Amino acid sequence: MSYLREAPWFEDFEVGDDLSDVPAVTVTEGYAAVHQAVFGDRSYLPLDKTLCETVTGNDRLIANPALVCNIAIGQSTIPTQRVLGNLFYRGLRFHRPVYLGDTLTTKTKVVALRQNSIKPGRASSGMVGLEIHVTNQNDETVLFFWRCPMVPCKDNEADTGRSDDLSIMPEDISDADIAASVPGWNLEALPASGELTAGQVIKVDARDTVTSAPEIVRMTLNLAMTHTDAGRSVYKKRLVYGGHTISTAAAQLSRVMPGLATVLCWYKCDHVAPVFEADILSSVIAIDRVQEVANGRVVDLSVEVFADREGEDQDIKVLDWRLAVLVGKH
């Protein structure tokens, strides 16, 4: 086997390709510390070992779900080294929590290929549907999802004929599957989140400036060149990794929902515009649905993230994120 791998172009992919030859990652205190330093997430359980043990019954700190996703995405970037941008995530569900000390292995498979419409003067490119399956050291499924990057063709005028249906990566997650992801924790010790009702909209006052974007990329083993090399970006400046924007939104959510125990799933997450270093991000959070479960509430949320960018229009919508979280009953 040759260890000198050329980063793949769109023409190089075939449906069924297994692109999983990547290091496993043990989630350490170091990973948690860097994530916390960059995003400032105020979720209680990843920060407070005593409270975490009381709630979860596990004597290890839980890993922040956003950190787990970032590691999994980084492990799935062999096919996205030349990526122009990651378009969306679909059907992301946590099957079980991850604790510090757990080791994550990620398998990545190509499930769909669809070339973008050919237009005069525009270089050819295509969308690569990827299935991501993450397991822990006990070979238990931790996380499963799909994502879709856009990758350039090696031949600027290529016509590959690839036209797969991307709807095979569904955003629908059943209530039964979500219920299966709800851990049997004691949520009474968590702070109160107060009354949560469908239709509520919360605009988070505290905004965040994007910093340390390449450091998060390197920490998570992300190979996408556009995030560390402005010369590889179609924007002629480094594109901020999408998980960075999502982690910022998750941190903003944690400020207004202190009783948040964990994230259960992402129904969908669409990157609708690029984000760059020094952008100032803000979130608007809408409560779509609240379901009572045995030990708490499952809350469906829609989160829109907007960027203010020096010298350009303000309130640029950059993210459309639908997810479900677990909070306490009070």
# chains A, B, ... in the order shown; residues from 1 in each chain; ligands from 1

$ select_by_dssp --residues "stretch 134-186 of chain A" --states "helix (DSSP H, G or I)" --output "list in words"
Leu166, Ser167, Ile168, Asp175, Ala176, Asp177, Ile178, Ala179, Ala180 and Ser181 of chain A

$ write_last_selection --atoms "C-alpha atoms" --output "tab-separated table (two decimals), in the first residue's frame"
chain	number	residue	atom	x	y	z
A	166	LEU	CA	-29.30	12.98	-2.66
A	167	SER	CA	-32.58	12.38	-0.82
A	168	ILE	CA	-31.21	8.97	0.17
A	175	ASP	CA	-39.74	10.01	17.53
A	176	ALA	CA	-38.96	6.38	18.38
A	177	ASP	CA	-35.33	6.80	17.37
A	178	ILE	CA	-35.05	10.02	19.36
A	179	ALA	CA	-36.59	8.29	22.38
A	180	ALA	CA	-33.98	5.54	22.01
A	181	SER	CA	-31.26	8.21	22.25

$ residues_around --residues "A:Gly184" --least-positions-apart "4" --cutoff "12 Å" --atoms "only C-alpha atoms" --output "VMD selection string"
chain A and resid 55 to 58 96 to 97 179 to 180 188 261 293 to 296 326 328

$ write_last_selection --atoms "C-alpha atoms" --output "short mmCIF file (atom, residue, chain, number, x, y, z; two decimals), in the first residue's frame"
data_model
loop_
_atom_site.label_atom_id
_atom_site.label_comp_id
_atom_site.auth_asym_id
_atom_site.auth_seq_id
_atom_site.Cartn_x
_atom_site.Cartn_y
_atom_site.Cartn_z
CA VAL A 55 -26.83 13.20 36.66
CA THR A 56 -25.29 10.45 34.54
CA GLY A 57 -24.10 7.94 37.16
CA ASN A 58 -20.73 7.82 35.36
CA ARG A 96 -25.07 7.02 23.27
CA PRO A 97 -23.05 9.59 25.20
CA ALA A 179 -36.59 8.29 22.38
CA ALA A 180 -33.98 5.54 22.01
CA GLU A 188 -33.39 16.79 38.63
CA ALA A 261 -28.45 18.02 29.38
CA VAL A 293 -40.32 12.06 28.36
CA ALA A 294 -39.92 10.01 31.53
CA ASN A 295 -37.05 12.03 32.96
CA GLY A 296 -37.33 15.38 31.20
CA LEU A 326 -32.76 16.98 26.20
CA GLY A 328 -34.97 18.71 32.65
#

$ atom_distance --atom1 "atom CA of A:Pro23" --atom2 "atom CA of A:Asp41"
26.6 Å

$ closest_residue --among "A:His227, A:Arg162, A:Lys236, A:Arg255" --to "A:Val204" --atoms "only C-alpha atoms"
A:Arg255

$ atom_distance --atom1 "atom CA of A:Thr26" --atom2 "atom CA of A:Glu6"
26.9 Å

$ closest_residue --among "A:Leu190, A:Ile73, A:Met219, A:Ile246" --to "A:Leu51" --atoms "only C-alpha atoms"
A:Leu190

$ residues_around --residues "stretch 110-118 of chain A" --least-positions-apart "2" --cutoff "8 Å" --atoms "only C-alpha atoms" --output "PyMOL selection string"
chain A and resi 13-19+108+120+122+124-131+159-166

$ closest_residue --among "A:Val217, A:Asp59, A:Leu45, A:Gln36" --to "A:Ala72" --atoms "only C-alpha atoms"
A:Val217

$ atom_distance --atom1 "atom CA of A:Ala324" --atom2 "atom CA of A:Pro79"
28.4 Å

$ closest_residue --among "A:Glu53, A:Asp155, A:Glu171, A:Asp279" --to "A:Gly311" --atoms "only C-alpha atoms"
A:Asp279

$ closest_residue --among "A:Cys148, A:Val299, A:Val142, A:Val182" --to "A:Met257" --atoms "only C-alpha atoms"
A:Val299

$ residues_around --residues "A:Pro8" --least-positions-apart "6" --cutoff "10 Å" --atoms "only C-alpha atoms" --output "ChimeraX atom specification"
/A:78-83,151-154

$ write_last_selection --atoms "N, CA and C atoms" --output "PDB file, in the first residue's frame"
ATOM      1  N   ILE A  78     -10.890  12.541   4.526  1.00  0.00           N
ATOM      2  CA  ILE A  78     -10.089  12.056   3.395  1.00  0.00           C
ATOM      3  C   ILE A  78     -10.752  12.429   2.062  1.00  0.00           C
ATOM      4  N   PRO A  79     -12.070  12.253   1.915  1.00  0.00           N
ATOM      5  CA  PRO A  79     -12.673  12.597   0.623  1.00  0.00           C
ATOM      6  C   PRO A  79     -12.882  14.097   0.412  1.00  0.00           C
ATOM      7  N   THR A  80     -12.659  14.916   1.419  1.00  0.00           N
ATOM      8  CA  THR A  80     -13.002  16.342   1.296  1.00  0.00           C
ATOM      9  C   THR A  80     -11.776  17.246   1.351  1.00  0.00           C
ATOM     10  N   GLN A  81     -10.616  16.698   1.010  1.00  0.00           N
ATOM     11  CA  GLN A  81      -9.408  17.520   1.100  1.00  0.00           C
ATOM     12  C   GLN A  81      -9.448  18.708   0.143  1.00  0.00           C
ATOM     13  N   ARG A  82     -10.096  18.534  -1.011  1.00  0.00           N
ATOM     14  CA  ARG A  82     -10.177  19.617  -2.002  1.00  0.00           C
ATOM     15  C   ARG A  82     -11.511  20.357  -1.915  1.00  0.00           C
ATOM     16  N   VAL A  83     -12.240  20.171  -0.853  1.00  0.00           N
ATOM     17  CA  VAL A  83     -13.612  20.644  -0.751  1.00  0.00           C
ATOM     18  C   VAL A  83     -13.730  22.140  -1.054  1.00  0.00           C
ATOM     19  N   VAL A 151     -17.068  19.057  -4.237  1.00  0.00           N
ATOM     20  CA  VAL A 151     -15.673  18.775  -4.572  1.00  0.00           C
ATOM     21  C   VAL A 151     -15.449  19.113  -6.044  1.00  0.00           C
ATOM     22  N   PRO A 152     -14.328  19.751  -6.396  1.00  0.00           N
ATOM     23  CA  PRO A 152     -14.078  20.108  -7.801  1.00  0.00           C
ATOM     24  C   PRO A 152     -13.698  18.897  -8.652  1.00  0.00           C
ATOM     25  N   CYS A 153     -13.948  19.019  -9.926  1.00  0.00           N
ATOM     26  CA  CYS A 153     -13.449  18.035 -10.890  1.00  0.00           C
ATOM     27  C   CYS A 153     -12.014  18.387 -11.265  1.00  0.00           C
ATOM     28  N   LYS A 154     -11.234  17.359 -11.573  1.00  0.00           N
ATOM     29  CA  LYS A 154      -9.864  17.601 -12.037  1.00  0.00           C
ATOM     30  C   LYS A 154      -9.881  18.272 -13.413  1.00  0.00           C
TER      31      LYS A 154
END

$ residues_around --residues "A:Asn64" --least-positions-apart "5" --cutoff "10 Å" --atoms "only C-alpha atoms" --output "PyMOL selection string"
chain A and resi 32+35-36+41+43-47+69+97-100+247+250+262-263

$ write_last_selection --atoms "C-alpha atoms" --output "PDB file, in the first residue's frame"
ATOM      1  CA  ALA A  32     -12.023  19.238  26.023  1.00  0.00           C
ATOM      2  CA  HIS A  35     -12.759  23.151  22.715  1.00  0.00           C
ATOM      3  CA  GLN A  36     -13.783  25.052  25.835  1.00  0.00           C
ATOM      4  CA  ASP A  41     -19.675  26.592  25.945  1.00  0.00           C
ATOM      5  CA  SER A  43     -23.242  23.458  29.228  1.00  0.00           C
ATOM      6  CA  TYR A  44     -23.052  22.217  32.791  1.00  0.00           C
ATOM      7  CA  LEU A  45     -22.301  18.522  32.448  1.00  0.00           C
ATOM      8  CA  PRO A  46     -19.016  18.746  30.444  1.00  0.00           C
ATOM      9  CA  LEU A  47     -17.716  21.281  33.010  1.00  0.00           C
ATOM     10  CA  CYS A  69     -19.118  15.922  16.164  1.00  0.00           C
ATOM     11  CA  PRO A  97     -23.052   9.589  25.195  1.00  0.00           C
ATOM     12  CA  VAL A  98     -19.269   9.928  24.916  1.00  0.00           C
ATOM     13  CA  TYR A  99     -17.138  10.386  28.039  1.00  0.00           C
ATOM     14  CA  LEU A 100     -13.566  11.582  28.373  1.00  0.00           C
ATOM     15  CA  SER A 247     -20.046  24.872  17.857  1.00  0.00           C
ATOM     16  CA  ALA A 250     -24.223  25.505  20.392  1.00  0.00           C
ATOM     17  CA  THR A 262     -27.278  16.952  25.940  1.00  0.00           C
ATOM     18  CA  VAL A 263     -27.914  17.114  22.202  1.00  0.00           C
TER      19      VAL A 263
END

$ residues_around --residues "A:Phe144" --least-positions-apart "6" --cutoff "9 Å" --atoms "only C-alpha atoms" --output "list in words"
Gly91, Leu92, Arg93, Phe94, His95, Glu131, Ile132, His133, Val134 and Thr135 of chain A

$ residues_around --residues "A:Glu215" --least-positions-apart "5" --cutoff "12 Å" --atoms "only C-alpha atoms" --output "ChimeraX atom specification"
/A:31,34-35,37-38,210,220-222,227-228,240-241,244,277

$ closest_residue --among "A:Val25, A:Gly242, A:Asn86, A:Pro183" --to "A:Ala66" --atoms "only C-alpha atoms"
A:Gly242

$ select_by_dssp --residues "stretch 17-145 of chain A" --states "strand (DSSP E or B)" --output "PyMOL selection string"
chain A and resi 18+25-26+62+85-94+99+103-115+125-135+141-145
